[in-house]
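Note: the block below is data.txt and it holds compact mmCIF, C-alpha atoms.
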```txt
# COMPACT_ATOMS: atom_id res chain seq x y z
CA MET A 1 0.00 0.00 0.00
CA PRO A 2 2.69 2.62 0.73
CA VAL A 3 4.23 2.03 -2.72
CA VAL A 4 0.91 2.54 -4.47
CA ARG A 5 0.28 5.74 -2.52
CA THR A 6 3.72 7.07 -3.50
CA ILE A 7 3.06 6.47 -7.22
CA PHE A 8 -0.40 8.03 -6.87
CA TRP A 9 1.12 11.36 -5.63
CA ILE A 10 4.05 11.48 -8.11
CA VAL A 11 1.99 11.00 -11.30
CA PRO A 12 -0.26 14.05 -10.84
CA VAL A 13 2.78 16.26 -10.25
CA VAL A 14 4.45 15.06 -13.46
CA LEU A 15 1.28 15.52 -15.52
CA SER A 16 0.69 18.96 -14.06
CA VAL A 17 4.18 20.12 -15.03
CA GLY A 18 3.78 18.63 -18.51
CA PHE A 19 0.55 20.54 -19.22
CA ASP A 20 2.01 23.80 -17.98
CA ALA A 21 5.14 23.46 -20.14
CA ALA A 22 3.67 22.27 -23.47
CA PRO A 23 0.08 21.48 -24.43
CA LEU A 24 -0.53 18.16 -26.13
CA ARG A 25 -0.18 18.42 -29.93
CA GLY A 26 -3.56 18.60 -31.59
CA GLY A 27 -5.29 19.71 -28.39
CA PRO A 28 -6.85 23.09 -27.73
CA GLN A 29 -4.32 25.93 -27.93
CA PRO A 30 -4.31 28.82 -25.46
CA PRO A 31 -5.67 32.02 -27.02
CA LYS A 32 -3.04 34.44 -28.30
CA PRO A 33 -3.12 37.95 -26.93
CA PRO A 34 -4.51 40.38 -29.49
CA GLU A 35 -1.86 42.30 -31.44
CA ALA A 36 -1.70 45.99 -30.91
CA ASN A 37 -3.25 47.92 -33.75
CA LYS A 38 -0.29 49.35 -35.58
CA PRO A 39 -0.96 52.70 -37.26
CA VAL A 40 -0.38 52.72 -41.01
CA PRO A 41 2.48 55.12 -41.79
CA SER A 42 1.35 58.06 -43.85
CA VAL A 43 3.67 60.73 -45.24
CA GLU A 44 2.36 63.48 -47.47
CA ALA A 45 4.29 63.89 -50.69
CA GLU A 46 4.11 65.29 -54.18
CA VAL A 47 5.37 63.40 -57.21
CA LYS A 48 6.34 64.64 -60.64
CA TYR A 49 5.66 62.17 -63.43
CA VAL A 50 7.79 61.65 -66.51
CA ASP A 51 5.24 63.61 -68.58
CA ASP A 52 5.77 66.63 -66.28
CA SER A 53 2.37 66.31 -64.62
CA GLY A 54 2.20 66.08 -60.84
CA MET A 55 0.05 64.68 -58.04
CA LYS A 56 -0.24 65.00 -54.29
CA LEU A 57 -0.47 61.73 -52.38
CA LYS A 58 0.43 59.90 -49.19
CA LEU A 59 3.20 57.31 -48.93
CA LEU A 60 2.06 54.17 -47.13
CA ASP A 61 5.34 52.22 -47.07
CA GLU A 62 7.11 52.37 -43.72
CA LYS A 63 10.59 51.92 -45.21
CA LEU A 64 12.18 51.88 -48.66
CA GLU A 65 14.94 49.39 -49.45
CA LEU A 66 17.89 50.95 -51.26
CA VAL A 67 20.69 48.80 -52.66
CA THR A 68 23.99 50.69 -52.45
CA LYS A 69 27.63 49.77 -53.03
CA HIS A 70 28.00 49.63 -49.24
CA GLY A 71 25.12 47.24 -48.74
CA VAL A 72 21.34 47.31 -48.48
CA LEU A 73 19.79 50.15 -46.50
CA ARG A 74 16.21 50.40 -45.28
CA VAL A 75 15.39 54.10 -45.14
CA ALA A 76 12.43 55.20 -43.01
CA VAL A 77 9.92 57.04 -45.20
CA VAL A 78 9.33 59.66 -42.48
CA ASP A 79 12.99 60.70 -42.83
CA ILE A 80 12.85 61.19 -46.61
CA ARG A 81 12.70 64.73 -47.94
CA ARG A 82 13.24 64.13 -51.65
CA ILE A 83 13.86 61.31 -54.13
CA GLU A 84 15.37 61.72 -57.59
CA PHE A 85 14.47 58.53 -59.43
CA ALA A 86 16.72 56.71 -61.87
CA ASN A 87 15.64 56.41 -65.50
CA ARG A 88 13.38 53.41 -65.85
CA ILE A 89 11.45 52.09 -68.79
CA SER A 90 8.70 49.50 -68.72
CA THR A 91 9.10 46.21 -70.59
CA ALA A 92 6.27 47.18 -72.93
CA ASP A 93 7.87 50.54 -73.82
CA ALA A 94 11.30 48.96 -74.22
CA GLU A 95 9.82 46.55 -76.75
CA LYS A 96 8.12 49.42 -78.61
CA VAL A 97 11.41 51.31 -78.82
CA ALA A 98 13.35 48.26 -80.03
CA ILE A 99 10.77 47.42 -82.71
CA ALA A 100 10.51 51.02 -83.93
CA ILE A 101 14.29 51.42 -84.22
CA SER A 102 14.53 48.15 -86.13
CA GLN A 103 12.01 49.57 -88.62
CA LEU A 104 13.87 52.82 -89.32
CA ASN A 105 15.47 51.22 -92.39
CA HIS A 106 12.44 49.16 -93.45
CA SER A 107 11.98 48.74 -97.22
CA ASP A 108 8.46 50.19 -96.93
CA PHE A 109 8.58 53.99 -96.68
CA LYS A 110 5.29 54.16 -94.73
CA ILE A 111 6.62 51.78 -92.08
CA ARG A 112 9.81 53.85 -91.75
CA GLU A 113 7.72 57.00 -91.31
CA ALA A 114 5.39 55.38 -88.75
CA ALA A 115 8.38 54.13 -86.73
CA THR A 116 9.92 57.61 -86.80
CA GLU A 117 6.74 59.23 -85.50
CA GLU A 118 6.30 56.62 -82.75
CA LEU A 119 9.83 57.22 -81.48
CA LYS A 120 9.10 60.96 -81.37
CA THR A 121 6.07 60.32 -79.17
CA LEU A 122 8.11 58.04 -76.86
CA ARG A 123 10.40 61.01 -76.24
CA GLU A 124 12.86 60.51 -73.34
CA ARG A 125 11.97 56.83 -73.06
CA ALA A 126 13.46 56.30 -76.52
CA TYR A 127 16.31 58.79 -76.12
CA PRO A 128 19.10 56.47 -74.80
CA ALA A 129 18.42 53.89 -77.53
CA LEU A 130 18.35 56.62 -80.18
CA LEU A 131 21.78 57.87 -79.09
CA LYS A 132 23.11 54.40 -79.90
CA ALA A 133 21.12 54.20 -83.16
CA GLN A 134 22.61 57.53 -84.20
CA LYS A 135 25.99 55.76 -84.48
CA SER A 136 24.59 52.99 -86.67
CA GLU A 137 26.54 52.01 -89.78
CA ASP A 138 23.25 52.05 -91.67
CA PRO A 139 22.97 55.63 -93.02
CA GLU A 140 19.14 55.59 -93.00
CA VAL A 141 18.98 54.51 -89.35
CA ALA A 142 21.63 57.08 -88.33
CA ARG A 143 19.91 59.89 -90.24
CA ARG A 144 16.46 59.20 -88.86
CA ALA A 145 17.80 58.73 -85.30
CA GLU A 146 19.50 62.12 -85.52
CA GLU A 147 16.29 63.71 -86.81
CA ILE A 148 14.25 62.23 -83.94
CA ILE A 149 16.83 63.28 -81.34
CA THR A 150 16.63 66.88 -82.61
CA VAL A 151 12.84 66.88 -82.23
CA ILE A 152 12.99 65.34 -78.75
CA LYS A 153 15.54 67.94 -77.58
CA ARG A 154 13.14 70.69 -78.63
CA ARG A 155 10.22 69.11 -76.77
CA VAL A 156 11.88 67.81 -73.61
CA PRO A 157 13.86 69.80 -71.02
CA ALA A 158 17.57 69.02 -71.11
CA THR A 159 17.52 67.95 -67.44
CA ASN A 160 14.97 65.25 -68.28
CA LEU A 161 17.27 63.78 -70.93
CA GLU A 162 20.21 63.32 -68.59
CA GLN A 163 20.88 59.64 -68.01
CA ARG A 164 20.25 58.78 -64.36
CA ASP A 165 21.40 55.27 -63.47
CA PHE A 166 20.76 55.52 -59.73
CA ASP A 167 18.05 56.66 -57.35
CA VAL A 168 19.09 59.43 -54.97
CA ILE A 169 17.34 59.74 -51.60
CA HIS A 170 17.73 63.00 -49.67
CA THR A 171 17.09 63.11 -45.92
CA GLU A 172 17.51 66.00 -43.52
CA ASP A 173 21.24 65.43 -43.18
CA SER A 174 22.31 63.00 -45.90
CA LYS A 175 22.20 62.11 -49.58
CA ILE A 176 22.17 58.40 -50.39
CA THR A 177 22.76 56.96 -53.87
CA GLY A 178 21.67 53.48 -54.88
CA LYS A 179 18.87 51.57 -56.57
CA LEU A 180 15.44 51.07 -55.03
CA SER A 181 14.62 47.37 -54.98
CA ALA A 182 10.86 47.91 -55.25
CA GLU A 183 9.19 48.35 -58.62
CA MET A 184 6.23 50.18 -57.06
CA LEU A 185 5.41 52.29 -54.02
CA ARG A 186 2.27 51.94 -51.94
CA VAL A 187 0.42 55.25 -51.99
CA SER A 188 -2.98 56.72 -51.22
CA THR A 189 -4.62 59.52 -53.19
CA PHE A 190 -7.63 61.68 -52.42
CA GLN A 191 -9.19 61.02 -55.82
CA PHE A 192 -8.47 57.32 -56.36
CA GLY A 193 -7.79 55.78 -52.95
CA ASP A 194 -4.94 53.28 -52.44
CA LEU A 195 -2.75 52.66 -55.48
CA GLN A 196 0.53 51.12 -56.58
CA LEU A 197 2.81 53.83 -57.98
CA LYS A 198 5.10 52.44 -60.69
CA LEU A 199 8.64 53.81 -60.51
CA THR A 200 8.79 53.81 -64.32
CA ASP A 201 6.21 56.63 -64.25
CA VAL A 202 7.86 59.07 -61.84
CA ARG A 203 10.80 61.42 -62.03
CA THR A 204 10.94 63.08 -58.61
CA LEU A 205 9.24 62.99 -55.23
CA ARG A 206 9.12 65.65 -52.53
CA ALA A 207 7.93 64.59 -49.11
CA GLY A 208 6.66 66.53 -46.12
CA SER A 209 5.38 70.04 -45.71
CA GLY A 210 8.86 71.48 -46.15
CA ALA A 211 8.99 70.82 -49.89
CA VAL A 212 7.76 74.27 -50.91
CA VAL A 213 9.98 75.98 -48.35
CA GLU A 214 12.98 73.99 -49.61
CA GLU A 215 12.38 74.93 -53.25
CA LEU A 216 11.97 78.59 -52.35
CA ALA A 217 15.21 78.50 -50.38
CA ASN A 218 17.07 77.02 -53.34
CA ALA A 219 15.58 79.46 -55.88
CA VAL A 220 17.62 82.35 -57.25
CA PRO A 221 16.10 85.85 -57.53
CA GLY A 222 14.24 86.14 -60.81
CA PRO A 223 15.45 88.66 -63.41
CA ALA A 224 13.15 91.29 -64.88
CA HIS A 225 12.89 89.26 -68.10
CA LEU A 226 14.56 86.26 -69.73
CA ALA A 227 16.02 87.85 -72.85
CA ASN A 228 19.46 86.64 -71.78
CA TYR A 229 18.27 83.01 -71.90
CA GLN A 230 17.69 82.93 -75.64
CA ASN A 231 18.12 79.66 -77.57
CA GLN A 232 18.49 77.60 -74.38
CA PHE A 233 15.58 75.41 -75.45
CA GLY A 234 14.51 72.73 -72.98
CA LYS A 235 16.41 74.14 -70.00
CA GLU A 236 14.55 74.82 -66.74
CA PHE A 237 15.33 77.36 -64.06
CA VAL A 238 13.88 77.90 -60.57
CA PHE A 239 13.40 81.56 -59.68
CA SER A 240 12.11 83.39 -56.64
CA VAL A 241 9.62 85.89 -58.04
CA THR A 242 7.39 88.48 -56.38
CA GLY A 243 4.20 89.14 -58.28
CA VAL A 244 3.88 92.69 -59.53
CA ALA A 245 1.21 94.94 -58.05
CA VAL A 246 -1.81 95.43 -60.28
CA GLY A 247 -1.47 98.76 -62.05
CA ALA A 248 2.33 98.64 -61.93
CA GLN A 249 2.80 95.88 -64.50
CA GLY A 250 5.59 95.64 -67.02
CA SER A 251 5.16 94.64 -70.67
CA VAL A 252 3.88 91.10 -71.29
CA TRP A 253 3.35 89.36 -74.60
CA GLY A 254 1.54 86.02 -74.71
CA GLN A 255 -0.74 83.70 -72.76
CA ASP A 256 0.73 80.71 -70.86
CA VAL A 257 3.67 80.97 -73.27
CA TYR A 258 5.46 84.32 -73.16
CA THR A 259 8.13 86.08 -75.21
CA LEU A 260 11.56 86.04 -73.58
CA ASP A 261 11.45 89.80 -73.06
CA SER A 262 8.11 89.66 -71.18
CA ASN A 263 8.31 91.02 -67.63
CA LEU A 264 8.64 87.99 -65.35
CA GLN A 265 7.00 89.59 -62.30
CA SER A 266 3.96 90.51 -64.38
CA ALA A 267 3.78 87.23 -66.29
CA VAL A 268 3.79 85.17 -63.07
CA VAL A 269 0.62 86.96 -61.95
CA HIS A 270 -0.96 86.78 -65.43
CA ALA A 271 -0.35 82.99 -65.51
CA GLY A 272 -1.86 82.55 -62.04
CA PHE A 273 1.28 81.30 -60.32
CA ALA A 274 1.41 84.21 -57.87
CA LYS A 275 -0.85 86.90 -56.47
CA PRO A 276 0.21 90.56 -56.56
CA GLY A 277 2.89 91.06 -53.90
CA GLU A 278 3.24 87.31 -53.22
CA THR A 279 6.72 85.77 -53.40
CA VAL A 280 6.81 82.27 -54.88
CA ALA A 281 9.31 79.78 -56.26
CA VAL A 282 8.51 79.10 -59.90
CA ARG A 283 10.06 76.71 -62.37
CA VAL A 284 10.46 78.29 -65.81
CA ARG A 285 11.20 76.38 -69.01
CA ILE A 286 12.75 77.91 -72.12
CA ILE A 287 11.00 76.68 -75.29
CA ALA A 288 10.93 77.42 -79.02
CA SER A 289 8.71 80.30 -80.01
CA PRO A 290 5.18 79.46 -81.23
CA PRO A 291 3.98 80.95 -84.54
CA ALA A 292 2.16 83.68 -82.60
CA PHE A 293 1.51 84.91 -79.05
CA ALA A 294 -2.05 85.61 -77.89
CA GLY A 295 -3.01 88.69 -75.91
CA THR A 296 -5.44 88.44 -72.96
CA VAL A 297 -6.42 90.03 -69.67
CA ARG A 298 -5.92 87.75 -66.68
CA ASN A 299 -5.75 88.37 -62.95
CA GLY A 300 -5.64 92.13 -63.54
CA ILE A 301 -2.66 91.86 -65.92
CA THR A 302 -2.99 92.70 -69.63
CA SER A 303 -0.82 90.89 -72.17
CA THR A 304 -0.35 91.94 -75.79
CA PRO A 305 -0.43 89.73 -78.91
CA TYR A 306 2.79 89.32 -80.87
CA THR A 307 4.18 87.42 -83.85
CA VAL A 308 6.93 84.81 -83.64
CA TYR A 309 9.80 85.74 -81.30
CA PRO A 310 12.84 84.17 -83.03
CA THR A 311 15.11 83.51 -80.05
CA GLY A 312 12.56 81.63 -77.94
CA ALA A 313 9.84 81.85 -75.32
CA TYR A 314 9.21 80.70 -71.77
CA GLU A 315 6.48 78.93 -69.85
CA PHE A 316 5.83 78.20 -66.17
CA VAL A 317 6.09 74.53 -65.25
CA ARG A 318 3.51 73.15 -62.85
CA LYS A 319 5.23 71.06 -60.15
```

Please express the file's structure as structure tokens.
Amino acid sequence: MPVVRTIFWIVPVVLSVGFDAAPLRGGPQPPKPPEANKPVPSVEAEVKYVDDSGMKLKLLDEKLELVTKHGVLRVAVVDIRRIEFANRISTADAEKVAIAISQLNHSDFKIREAATEELKTLRERAYPALLKAQKSEDPEVARRAEEIITVIKRRVPATNLEQRDFDVIHTEDSKITGKLSAEMLRVSTFQFGDLQLKLTDVRTLRAGSGAVVEELANAVPGPAHLANYQNQFGKEFVFSVTGVAVGAQGSVWGQDVYTLDSNLQSAVVHAGFAKPGETVAVRVRIIASPPAFAGTVRNGITSTPYTVYPTGAYEFVRK
């Protein structure tokens, strides 16, 4: 009897310890404590697309992975102030470019012409491949590539044609060069809700409320007019400009596109980029002169019509 009683008291102790340490496999599992609701990161930003249009949105990714020569970095989105994206081209556009270039010396004249026009519409996406085609031993390919390049240079700002092989991330105190591993960013927009933003579609990103302040700080004081910028087609400049007071305007010729000698302080009010007396940072692009300049009254500023201005014109670029 004593032996039996000893076994009777040992067994419950062993079983009790076993249940506390590890539940039997397949048996009921203890409930897991609920996870804390983690707030979705949200950083306001503004992107500029490759077609020069822009959009305000919110970044939903918590971190961006950047592959650098020193290793892989995971940069917190809240620390990012600006991103300059590398040149990217989608597989579909790359195929279009390759096919069109291969048809530049086609035996059928209509096919050669169609390929030439398509490459013109592809603009900067076709530009790197056209630079190579320009050196082709086939005289027809080289000639047409040169023709297309000339057209693209007139239509696209020179800064947009610079080959950018790496992404550059700017934070408050650093500038990091590498290649983003993601093909898309998670974003949210007021108009369309949550979206996937393809990196092939964007050129730059400015994050946070300091973007406008930063651009204004980096702007140079705007001149009275841009007559000294003649024939610099495609180039863009960022100026700090104070809108002229209504009634004190200088001479302005044009509407949205202005002659190079148009008063900048008056044109910025006429175009709606600044109110009278307001100081703003504006991006101005030098372009070829249109056949004629329209004259209108806008925002209290009167512009005058004019014929072609041979050395060029300027327009304000929406960010």

(request) Determine the nearest neighbour of Phe237 of chain A from the options A:Glu44, A:Asp138, A:Asp165, A:Glu315, counting all atoms listed in the file. (result) A:Glu315

(request) Could you please determine the separation between atom CA of His170 of chain A and atom CA of Gly193 of chain A in Å, to one decimal place? (result) 26.7 Å

(request) Between atom CA of Met55 of chain A and atom CA of Gly277 of chain A, measure the distance and give it in Å to one decimal. (result) 26.9 Å

(message) Can you pull out the residues contacting Ala92 of chain A? Cut-off 12 Å, using all atoms listed in the file, and skip same-chain residues under 6 positions away; I want them as a list in words.
(response) Ala98, Ile99, Leu122, Arg125 and Thr200 of chain A

(request) Using atom CA of Glu147 of chain A and atom CA of Ala126 of chain A as the two end points, give the distance in Å to one decimal. (result)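 Value for the atom CA of Glu147 of chain A-atom CA of Ala126 of chain A distance: 13.0 Å.
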
(request) Would you mind listing what lies within 9 Å of segment 300-310 of chain A as a PyMOL selection string, with all atoms listed in the file counted and same-chain residues fewer than 5 positions away left out? (result) chain A and resi 230-231+246-247+249+251-255+259-260+266-267+269-270+288-295

(message) Nearest residue to Lys63 of chain A out of A:Thr189, A:Val75, A:Glu137, A:Glu118, using only C-alpha atoms?
(response)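 Looking only at the distances to Lys63 of chain A, the closest residue turns out to be A:Val75.
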
(request) Have a look at A:Glu236, A:Glu278, A:Asp79, A:Asp61 and name the one nearest to Tyr314 of chain A; count only C-alpha atoms. (result)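 Distance minimum relative to Tyr314 of chain A lands on A:Glu236.
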
(message) Could you check the closest approach to Met184 of chain A for each of A:Asp201, A:Glu62, A:Glu124, A:Asp52 and tell me which residue wins, using all atoms listed in the file?
(response)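 Going through A:Asp201, A:Glu62, A:Glu124, A:Asp52 one by one, the smallest distance to Met184 of chain A is for A:Asp201.
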
(request) Tell me which of A:Val67, A:Ile176, A:Ile101, A:Val187 sits closest to Ser136 of chain A, counting all atoms listed in the file. (result) A:Ile101

(message) Could you check which residues have any atom within 10 Å of (18.8, 61.1, -85.6), counting all atoms listed in the file with coordinates taken straight from the file, and then list them as a VMD selection string?
(response) chain A and resid 116 130 to 135 140 to 152

(request) Would you please work out which residue, of A:Asn299, A:Val220, A:Val43, A:Glu162, is nearest to Arg81 of chain A when using only C-alpha atoms? (result)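 Result for the nearest residue to Arg81 of chain A: A:Val43.
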
(request) Please provide as a PyMOL selection string all residues within 10 Å of Gly272 of chain A, with the sequence filter that same-chain residues fewer than 4 positions apart are discarded (counting only C-alpha atoms). (result) chain A and resi 243+256+267-268+276+298-299+316

Proximity check segment 262-307 of chain A to segment 238-241 of chain A, 8 Å, nearest pairs one decimal Å, all atoms listed in the file, as a tab-separated table:
```
residue	atom	partner	partner_atom	distance
A:Leu264	CA	A:Val241	CA	7.7
A:Gln265	CA	A:Val241	CA	6.2
A:Val268	CA	A:Val241	CA	7.7
A:Thr279	CA	A:Val241	CA	5.5
A:Val280	CA	A:Val241	CA	5.6
A:Ala281	CA	A:Ser240	CA	4.6
A:Val282	CA	A:Phe239	CA	5.5
A:Arg283	CA	A:Val238	CA	4.4
A:Val284	CA	A:Val238	CA	6.3
```

Using all atoms listed in the file, collect all residues at a distance of at most 12 Å from (12.1, 63.0, -62.2) as written in the file, then present them as a JSON list (two decimals) with C-alpha atoms, in the coordinates of the input.
```json
[["chain", "number", "residue", "atom", "x", "y", "z"],
["A", 46, "GLU", "CA", 4.11, 65.29, -54.18],
["A", 47, "VAL", "CA", 5.37, 63.40, -57.21],
["A", 48, "LYS", "CA", 6.34, 64.64, -60.64],
["A", 49, "TYR", "CA", 5.66, 62.17, -63.43],
["A", 50, "VAL", "CA", 7.79, 61.65, -66.51],
["A", 51, "ASP", "CA", 5.24, 63.61, -68.58],
["A", 52, "ASP", "CA", 5.77, 66.63, -66.28],
["A", 53, "SER", "CA", 2.37, 66.31, -64.62],
["A", 54, "GLY", "CA", 2.20, 66.08, -60.84],
["A", 82, "ARG", "CA", 13.24, 64.13, -51.65],
["A", 83, "ILE", "CA", 13.86, 61.31, -54.13],
["A", 84, "GLU", "CA", 15.37, 61.72, -57.59],
["A", 85, "PHE", "CA", 14.47, 58.53, -59.43],
["A", 86, "ALA", "CA", 16.72, 56.71, -61.87],
["A", 87, "ASN", "CA", 15.64, 56.41, -65.50],
["A", 88, "ARG", "CA", 13.38, 53.41, -65.85],
["A", 124, "GLU", "CA", 12.86, 60.51, -73.34],
["A", 157, "PRO", "CA", 13.86, 69.80, -71.02],
["A", 159, "THR", "CA", 17.52, 67.95, -67.44],
["A", 160, "ASN", "CA", 14.97, 65.25, -68.28],
["A", 161, "LEU", "CA", 17.27, 63.78, -70.93],
["A", 162, "GLU", "CA", 20.21, 63.32, -68.59],
["A", 163, "GLN", "CA", 20.88, 59.64, -68.01],
["A", 164, "ARG", "CA", 20.25, 58.78, -64.36],
["A", 166, "PHE", "CA", 20.76, 55.52, -59.73],
["A", 167, "ASP", "CA", 18.05, 56.66, -57.35],
["A", 168, "VAL", "CA", 19.09, 59.43, -54.97],
["A", 199, "LEU", "CA", 8.64, 53.81, -60.51],
["A", 200, "THR", "CA", 8.79, 53.81, -64.32],
["A", 201, "ASP", "CA", 6.21, 56.63, -64.25],
["A", 202, "VAL", "CA", 7.86, 59.07, -61.84],
["A", 203, "ARG", "CA", 10.80, 61.42, -62.03],
["A", 204, "THR", "CA", 10.94, 63.08, -58.61],
["A", 205, "LEU", "CA", 9.24, 62.99, -55.23],
["A", 206, "ARG", "CA", 9.12, 65.65, -52.53],
["A", 319, "LYS", "CA", 5.23, 71.06, -60.15]]
```
